[in-house]
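I have placed the structure first, in the form of structure tokens, so that the comments after it can refer back to it.
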Number of protein chains: 4
Amino acid sequence: MIVEMRRGASQSEVDDVLERAKSLGLEVQLNLGTDKTVVAILGSNTGQLSTDIFAVLPGVESVTRIMKPYKIASREFKPKDTLVTVDDVIIGGKKVVVMAGPCAIESEEQLNEIANIVKQEGASILRGGAYKPRSSPFSFQGLKKTGLELLEHAGKQFGLPVITEVVDPGDVNLVSRYASILQVGSRNMQNFTLLTKLGKIRRPVVLKRGFSCTVTEWLTAADYLLAEGNDQVILCERGIRTFEDSARFSLDISSIPVIKRFSHLPVIVDPSHAAGHYSLVPALAKAAIAAGADGLLIEVHPSPKEAMVDGLQSLTPSDFSRLMKELKAVAKSSGRDF
Amino acid sequence: MIVEMRRGASQSEVDDVLERAKSLGLEVQLNLGTDKTVVAILGSNTGQLSTDIFAVLPGVESVTRIMKPYKIASREFKPKDTLVTVDDVIIGGKKVVVMAGPCAIESEEQLNEIANIVKQEGASILRGGAYKPRSSPFSFQGLKKTGLELLEHAGKQFGLPVITEVVDPGDVNLVSRYASILQVGSRNMQNFTLLTKLGKIRRPVVLKRGFSCTVTEWLTAADYLLAEGNDQVILCERGIRTFEDSARFSLDISSIPVIKRFSHLPVIVDPSHAAGHYSLVPALAKAAIAAGADGLLIEVHPSPKEAMVDGLQSLTPSDFSRLMKELKAVAKSSGRDF
Amino acid sequence: MIVEMRRGASQSEVDDVLERAKSLGLEVQLNLGTDKTVVAILGSNTGQLSTDIFAVLPGVESVTRIMKPYKIASREFKPKDTLVTVDDVIIGGKKVVVMAGPCAIESEEQLNEIANIVKQEGASILRGGAYKPRSSPFSFQGLKKTGLELLEHAGKQFGLPVITEVVDPGDVNLVSRYASILQVGSRNMQNFTLLTKLGKIRRPVVLKRGFSCTVTEWLTAADYLLAEGNDQVILCERGIRTFEDSARFSLDISSIPVIKRFSHLPVIVDPSHAAGHYSLVPALAKAAIAAGADGLLIEVHPSPKEAMVDGLQSLTPSDFSRLMKELKAVAKSSGRDF
Amino acid sequence: MIVEMRRGASQSEVDDVLERAKSLGLEVQLNLGTDKTVVAILGSNTGQLSTDIFAVLPGVESVTRIMKPYKIASREFKPKDTLVTVDDVIIGGKKVVVMAGPCAIESEEQLNEIANIVKQEGASILRGGAYKPRSSPFSFQGLKKTGLELLEHAGKQFGLPVITEVVDPGDVNLVSRYASILQVGSRNMQNFTLLTKLGKIRRPVVLKRGFSCTVTEWLTAADYLLAEGNDQVILCERGIRTFEDSARFSLDISSIPVIKRFSHLPVIVDPSHAAGHYSLVPALAKAAIAAGADGLLIEVHPSPKEAMVDGLQSLTPSDFSRLMKELKAVAKSSGRDF
């Protein structure tokens, strides 16, 4: 942490900074610049300290953090890539993993029809929403427990591990009885109560990025899961909110190489929620693989125009089939298996 | 809802749109432009329908919503201003209401010292955090139930209603036993499980704006509380995330007149979290009142440099005292009581 | 500048950093942390150096700038407030200055009618656009030279200094023959050719903030004017682009106290372009004064529904008259003259 | 254009809207909803009309544009892809075109060394900056005319067309004597004076996206060039400004399929300026090709650590060589030539 004193700060103000650092067990080094005094504060846990601790002291102009605030999620903490294993599927390895299915589980017929397509086209994991967080209280909120039962059943029938979202900390145990992977939605990335509960179970968790959270905040949220002992964490980029309105969210494609550089966790991409429109999904999916993503989370529906939720961003079975072939080519061209 | 067909859309594609509208009980009107067919879809609930329902149909170029997605929170639904009453304090009326106190409750001494100041300076409500949602799992998370007890006690001692944040749906009943007003934090604005629980209690709720949510999404989230029957809702603007980094968040000052135009709910402003730095708080607080806010939520600490959380944005007692005098002048100049 | 070396960086990589700093005449101080080596680079011109100079060296993890990149615009360079004088109007002093008039000059009648109102209501400066930068080539582009002549004439007739925008570096001399103050529009804040030309004249310049530029970039752009010798610079906040769409731009109200803290230049606010809608203008104008702005730039039109440009954000004469009374009260309550 | 009247708008207010539409030669259709009157305004030029024309009328709640504001750049105007030809290089066809070179031209040796590498590795066009728009007046501003001469000479020597930026409308003719393609930088996307001058020459123009402009504004800016008769326009995505700070700008990858859907113009990507750091460039470059971009604009420097401008985002010759091989594989996998 670098503390820049105001021009003309008094000796006693500088001393207060030094004293506070020492009281926290930190080393300090003093730089007497020609213009300003700058204090470097050193120690292995300075990333987890609030900069306010020093910024609030009189005579301080600004405080700059050098160490990252996340710890267990960092590549410095664990240099080797984390592999997450679900049945015989490995996420984070050489093979690009596709998770596909409907946004919301609507009925047994709908789900089984999609599961069949997902299996046939070579995807590895079946997705389906049973609890749907919706902006308006007047919208369809999901089939809940019935949806979980249908999902588990479809997974078994077609030999696919299943992933579904959990929104209420009180439902974590229930959902983990049915799902192979639990998903934290974008609006819950900083729902720390939920994260703490999920950190205590032994199921892999997909942690979607908050649509207005930085990569740094995302990795710090992952620390909530990791600190509780759950090391099976998969990150999922799904677009960020910007001023641009031609897609529902702006897929932050550079987050992929950034995550690969600073973290050991696998990262997948959800092109469907980023795009908000089926016509943009293939380009985003291919770009994600080319940029180094470990997998994709794609919405498919047997008849998008009948879908109860997010039909506009769902691919039809034939579009999905075509995309899977294209993805295979891109994956191979990048030295990945598919 | 306005459905714009693609240039050259076929008659049967247009018919599909008309049919879907009719199947939902909606009226339609067809505009045969020189270039394109445009279908206007009319009905009192079109604001609550997803635009996807039509956008997903073949031959559709775009769908534009005319009606707002929120309903009960709208001024069209209830033209008269909502007044929220807590003991003898009215929020949303002629008087500007100041809620003040520490970010986090740290001890009985700290809280009582601040409560005394808050009371003396003429603020109406005591704030204090017992449950602290923190970005990092390694940070101080609040005194929890002990904090609630200290807060209730301080409120009684100084004759001040108290407000505190609730973060876990499972804690709603507990917190409502201690607090006069429950606060939903920015990261929980779209925590629909929490909102639904809060809609069922009979305590006023301060709903902070999600730092990346639009005013429209904010009012739609308020519908979750209102639809469950809790009509004692206060909105709180606390800054949005933008590219600018000289303040922690960018206070969206125009949200105040926008809310006043489109909603009947009272709106207050939290200049402390927006600013992130004590030196900016007075200017933002005064601007909020001048723009028409019904109140303020301000962080005060007897010794900000000793604060366990957010000391940098807390005012000292003497700064708070000076600000209260300035606020009084601004409020009076705008025809408000203080 | 703080250079953080990668964990495990070699001695020769650290030496390269030290050598480069010394070759630039900078002092260095080395911090051998327990985890990482951190190099502090000191000198009075480090704010104007690119961080890339060090970031590009092998073994460097990150480089953080401590000194601000702007220099002449900073309060450190000139602690005393700059006052800009135009005829007998002083901008940046105790009196809040209102500049008002039409977005575009349309005719002699229109301009004189507005000038009369502006004068009567106590505003100090007449604004009017002769050159209009428009998003589409098919929109009205302004009366150009004829507009300048009308503006000069109206100013003389009503005893008001006049302000108008210049968009082409080739027009700077022409426009400065007619206008008392030259305005740089938001889209030209980083048009460095234009700024350099304006730095060479001896007329005050209003530098509008680029709608996606940080306060730091804005002050650095002001350095272009100041470095050429023109010290009569007024900053103008006019809203930034964010995800929020209920106003045309989000007025960054906190930029006012930030500018006051870090710069000696006066700052005014344009509530009309920020709002984009007349109904929001009064709240933003009052908030700006309460936050400490030195003046306002307001659009007024005798008949907004006939305006050729931006009618929606223009106030009618009666709305302007009412607002001026309200502004006077807010200014007085903040200890300002009006 | 869809005009939504306020609930309870009077008949005469509705009539005013109808009358104004008719006075502009537009057709209208009236929808008397159960709640509100909605007026649809039809005509082939409604995209180029300001919505303010109607929004400013009494009784109007909101106005929504259906037609896009751009015209000549739209795929509706010209369904067939535009091909831009420079010597024997075609941009917008089956072959992915790489333009590469230094950010700034520094010397004959530097430029020729890079040109040699660019040629050897199979890139088609040499880039190099002679006029450098810099945030600070104290930074290196480019070799100007000398740079143009060096660039022309290097292009001839290695048989490569050359591209360079023009920043001053007064320099357009000069620069077009030396350069095969003229580039408009991000900060000048809405410098309409410059665009108008460039529309009159007969050289291809690369129009970089303003870093805070929407795709719609970008295509509307392209209309400035096209309307003047220059139909050799190439769009270049280079990242947008968002809250995320791990890359210099956030590459808006979805702009590529969006442009392909709504415009006939070719689109290339500049991964170097988006990334701001060499380590992110390869992932972004590959993603761009996978998403369907027609080409890339990449910064290469023989010794980035000696570069005078933007060294951090420049690839070394060996990194560039490796990337070209990877790009070839991705292009082939997407059915493109390279």
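Residue numbering restarts at 1 for every chain of the structure tokens, chains are lettered A, B, ... in their displayed order, and ligands are numbered from 1 as they appear.
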
List the spatial neighbours of Ala307 of chain B as a ChimeraX atom specification - criterion: any atom at most 9 Å away, only C-alpha atoms, same-chain residues fewer than 2 positions off excluded. /A:53 /B:102-104,106,301-305,309-312,314

Just write the chosen residues, N, CA and C atoms, as a short mmCIF file (atom, residue, chain, number, x, y, z; two decimals), in the first residue's frame.
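Final file, out.cif:
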```cif
data_model
loop_
_atom_site.label_atom_id
_atom_site.label_comp_id
_atom_site.auth_asym_id
_atom_site.auth_seq_id
_atom_site.Cartn_x
_atom_site.Cartn_y
_atom_site.Cartn_z
N ILE A 53 -7.96 2.80 6.18
CA ILE A 53 -7.22 2.81 7.43
C ILE A 53 -6.16 3.91 7.45
N PRO B 102 -23.28 5.80 12.67
CA PRO B 102 -22.05 5.16 12.17
C PRO B 102 -22.36 4.14 11.09
N CYS B 103 -21.40 3.89 10.24
CA CYS B 103 -21.54 2.83 9.24
C CYS B 103 -21.77 1.51 9.98
N ALA B 104 -20.84 1.18 10.86
CA ALA B 104 -20.98 -0.06 11.64
C ALA B 104 -21.07 0.28 13.12
N GLU B 106 -19.97 -0.42 16.62
CA GLU B 106 -18.74 -1.05 17.10
C GLU B 106 -18.80 -1.38 18.60
N HIS B 301 -19.13 9.62 12.71
CA HIS B 301 -18.36 8.78 13.63
C HIS B 301 -17.62 9.71 14.59
N PRO B 302 -17.58 9.37 15.88
CA PRO B 302 -16.90 10.28 16.82
C PRO B 302 -15.41 10.41 16.50
N SER B 303 -14.85 9.37 15.90
CA SER B 303 -13.43 9.43 15.56
C SER B 303 -13.20 8.60 14.30
N PRO B 304 -13.46 9.23 13.14
CA PRO B 304 -13.40 8.45 11.89
C PRO B 304 -12.11 7.67 11.74
N LYS B 305 -11.01 8.20 12.29
CA LYS B 305 -9.76 7.47 12.05
C LYS B 305 -9.67 6.19 12.87
N VAL B 309 -15.13 0.41 9.83
CA VAL B 309 -15.61 0.31 8.45
C VAL B 309 -15.86 1.72 7.93
N ASP B 310 -15.39 1.99 6.71
CA ASP B 310 -15.75 3.21 5.99
C ASP B 310 -15.47 4.50 6.75
N GLY B 311 -14.42 4.54 7.52
CA GLY B 311 -14.09 5.76 8.25
C GLY B 311 -13.88 6.94 7.31
N LEU B 312 -13.36 6.66 6.12
CA LEU B 312 -13.00 7.74 5.22
C LEU B 312 -14.20 8.57 4.77
N SER B 314 -16.92 9.00 6.69
CA SER B 314 -17.67 9.47 7.85
C SER B 314 -17.30 10.90 8.20
#
```

Name all residues at most 12 Å from Ser124 of chain D (count only C-alpha atoms; drop same-chain ones fewer than 4 positions away) and give them as a PDB file with C-alpha atoms, in the first residue's frame.
```pdb
ATOM      1  CA  THR D  85      -9.894  -1.855 -52.290  1.00  0.00           C
ATOM      2  CA  VAL D  86      -6.379  -0.514 -51.698  1.00  0.00           C
ATOM      3  CA  ASP D  87      -3.926  -1.496 -54.410  1.00  0.00           C
ATOM      4  CA  ASP D  88      -4.437  -5.273 -54.515  1.00  0.00           C
ATOM      5  CA  VAL D  89      -5.795  -5.606 -50.990  1.00  0.00           C
ATOM      6  CA  ILE D  90      -9.542  -6.026 -50.515  1.00  0.00           C
ATOM      7  CA  ILE D  91     -11.074  -5.275 -47.118  1.00  0.00           C
ATOM      8  CA  LYS D  95      -9.682 -12.692 -46.699  1.00  0.00           C
ATOM      9  CA  VAL D  96      -8.928 -11.421 -43.225  1.00  0.00           C
ATOM     10  CA  VAL D  97      -6.613  -8.400 -43.609  1.00  0.00           C
ATOM     11  CA  VAL D  98      -3.938  -7.533 -41.057  1.00  0.00           C
ATOM     12  CA  MET D  99      -2.625  -3.960 -40.765  1.00  0.00           C
ATOM     13  CA  ALA D 100       0.407  -3.744 -38.507  1.00  0.00           C
ATOM     14  CA  GLY D 101       3.177  -1.425 -37.483  1.00  0.00           C
ATOM     15  CA  ALA D 115       7.918  -2.885 -42.193  1.00  0.00           C
ATOM     16  CA  ASN D 116      10.223  -5.751 -43.016  1.00  0.00           C
ATOM     17  CA  ILE D 117       8.713  -7.899 -40.252  1.00  0.00           C
ATOM     18  CA  VAL D 118       5.153  -6.928 -41.180  1.00  0.00           C
ATOM     19  CA  LYS D 119       5.798  -7.942 -44.778  1.00  0.00           C
ATOM     20  CA  GLN D 120       7.544 -11.203 -43.887  1.00  0.00           C
ATOM     21  CA  GLY D 155       5.509   1.374 -47.940  1.00  0.00           C
ATOM     22  CA  PHE D 158       8.343  -3.174 -48.954  1.00  0.00           C
ATOM     23  CA  GLY D 159       5.372  -3.123 -51.317  1.00  0.00           C
ATOM     24  CA  LEU D 160       2.805  -2.365 -48.633  1.00  0.00           C
ATOM     25  CA  PRO D 161      -0.047   0.141 -48.730  1.00  0.00           C
ATOM     26  CA  VAL D 162       0.140   2.438 -45.702  1.00  0.00           C
ATOM     27  CA  ILE D 163      -2.362   3.783 -43.212  1.00  0.00           C
ATOM     28  CA  GLY D 295      -9.314  -7.505 -40.304  1.00  0.00           C
ATOM     29  CA  LEU D 296      -7.069  -6.323 -37.508  1.00  0.00           C
ATOM     30  CA  LEU D 297      -4.992  -3.255 -36.723  1.00  0.00           C
ATOM     31  CA  ILE D 298      -2.081  -4.387 -34.552  1.00  0.00           C
ATOM     32  CA  MET D 324       0.012 -14.517 -37.107  1.00  0.00           C
ATOM     33  CA  PHE D 338      -5.728 -15.417 -44.377  1.00  0.00           C
TER      34      PHE D 338
END
```

Skipping near chain neighbours, those fewer than 3 positions away, what residues fall within 9 Å of segment 68-70 of chain D using only C-alpha atoms, listed as a ChimeraX atom specification? /C:135-136 /D:45-50,65,73-74,216-223

Step one, run DSSP on the backbone; step two, keep only residues of segment 83-220 of chain C assigned to helix (DSSP H, G or I); then write them as a PyMOL selection string. chain C and resi 108-120+145-158+169-178+186-188+192-200+215-220

Residues of chain A within 6 Å of chain D, counting only C-alpha atoms - could you list those as a PyMOL selection string? chain A and resi 214+244+283+286-287+290-291+329-330+333
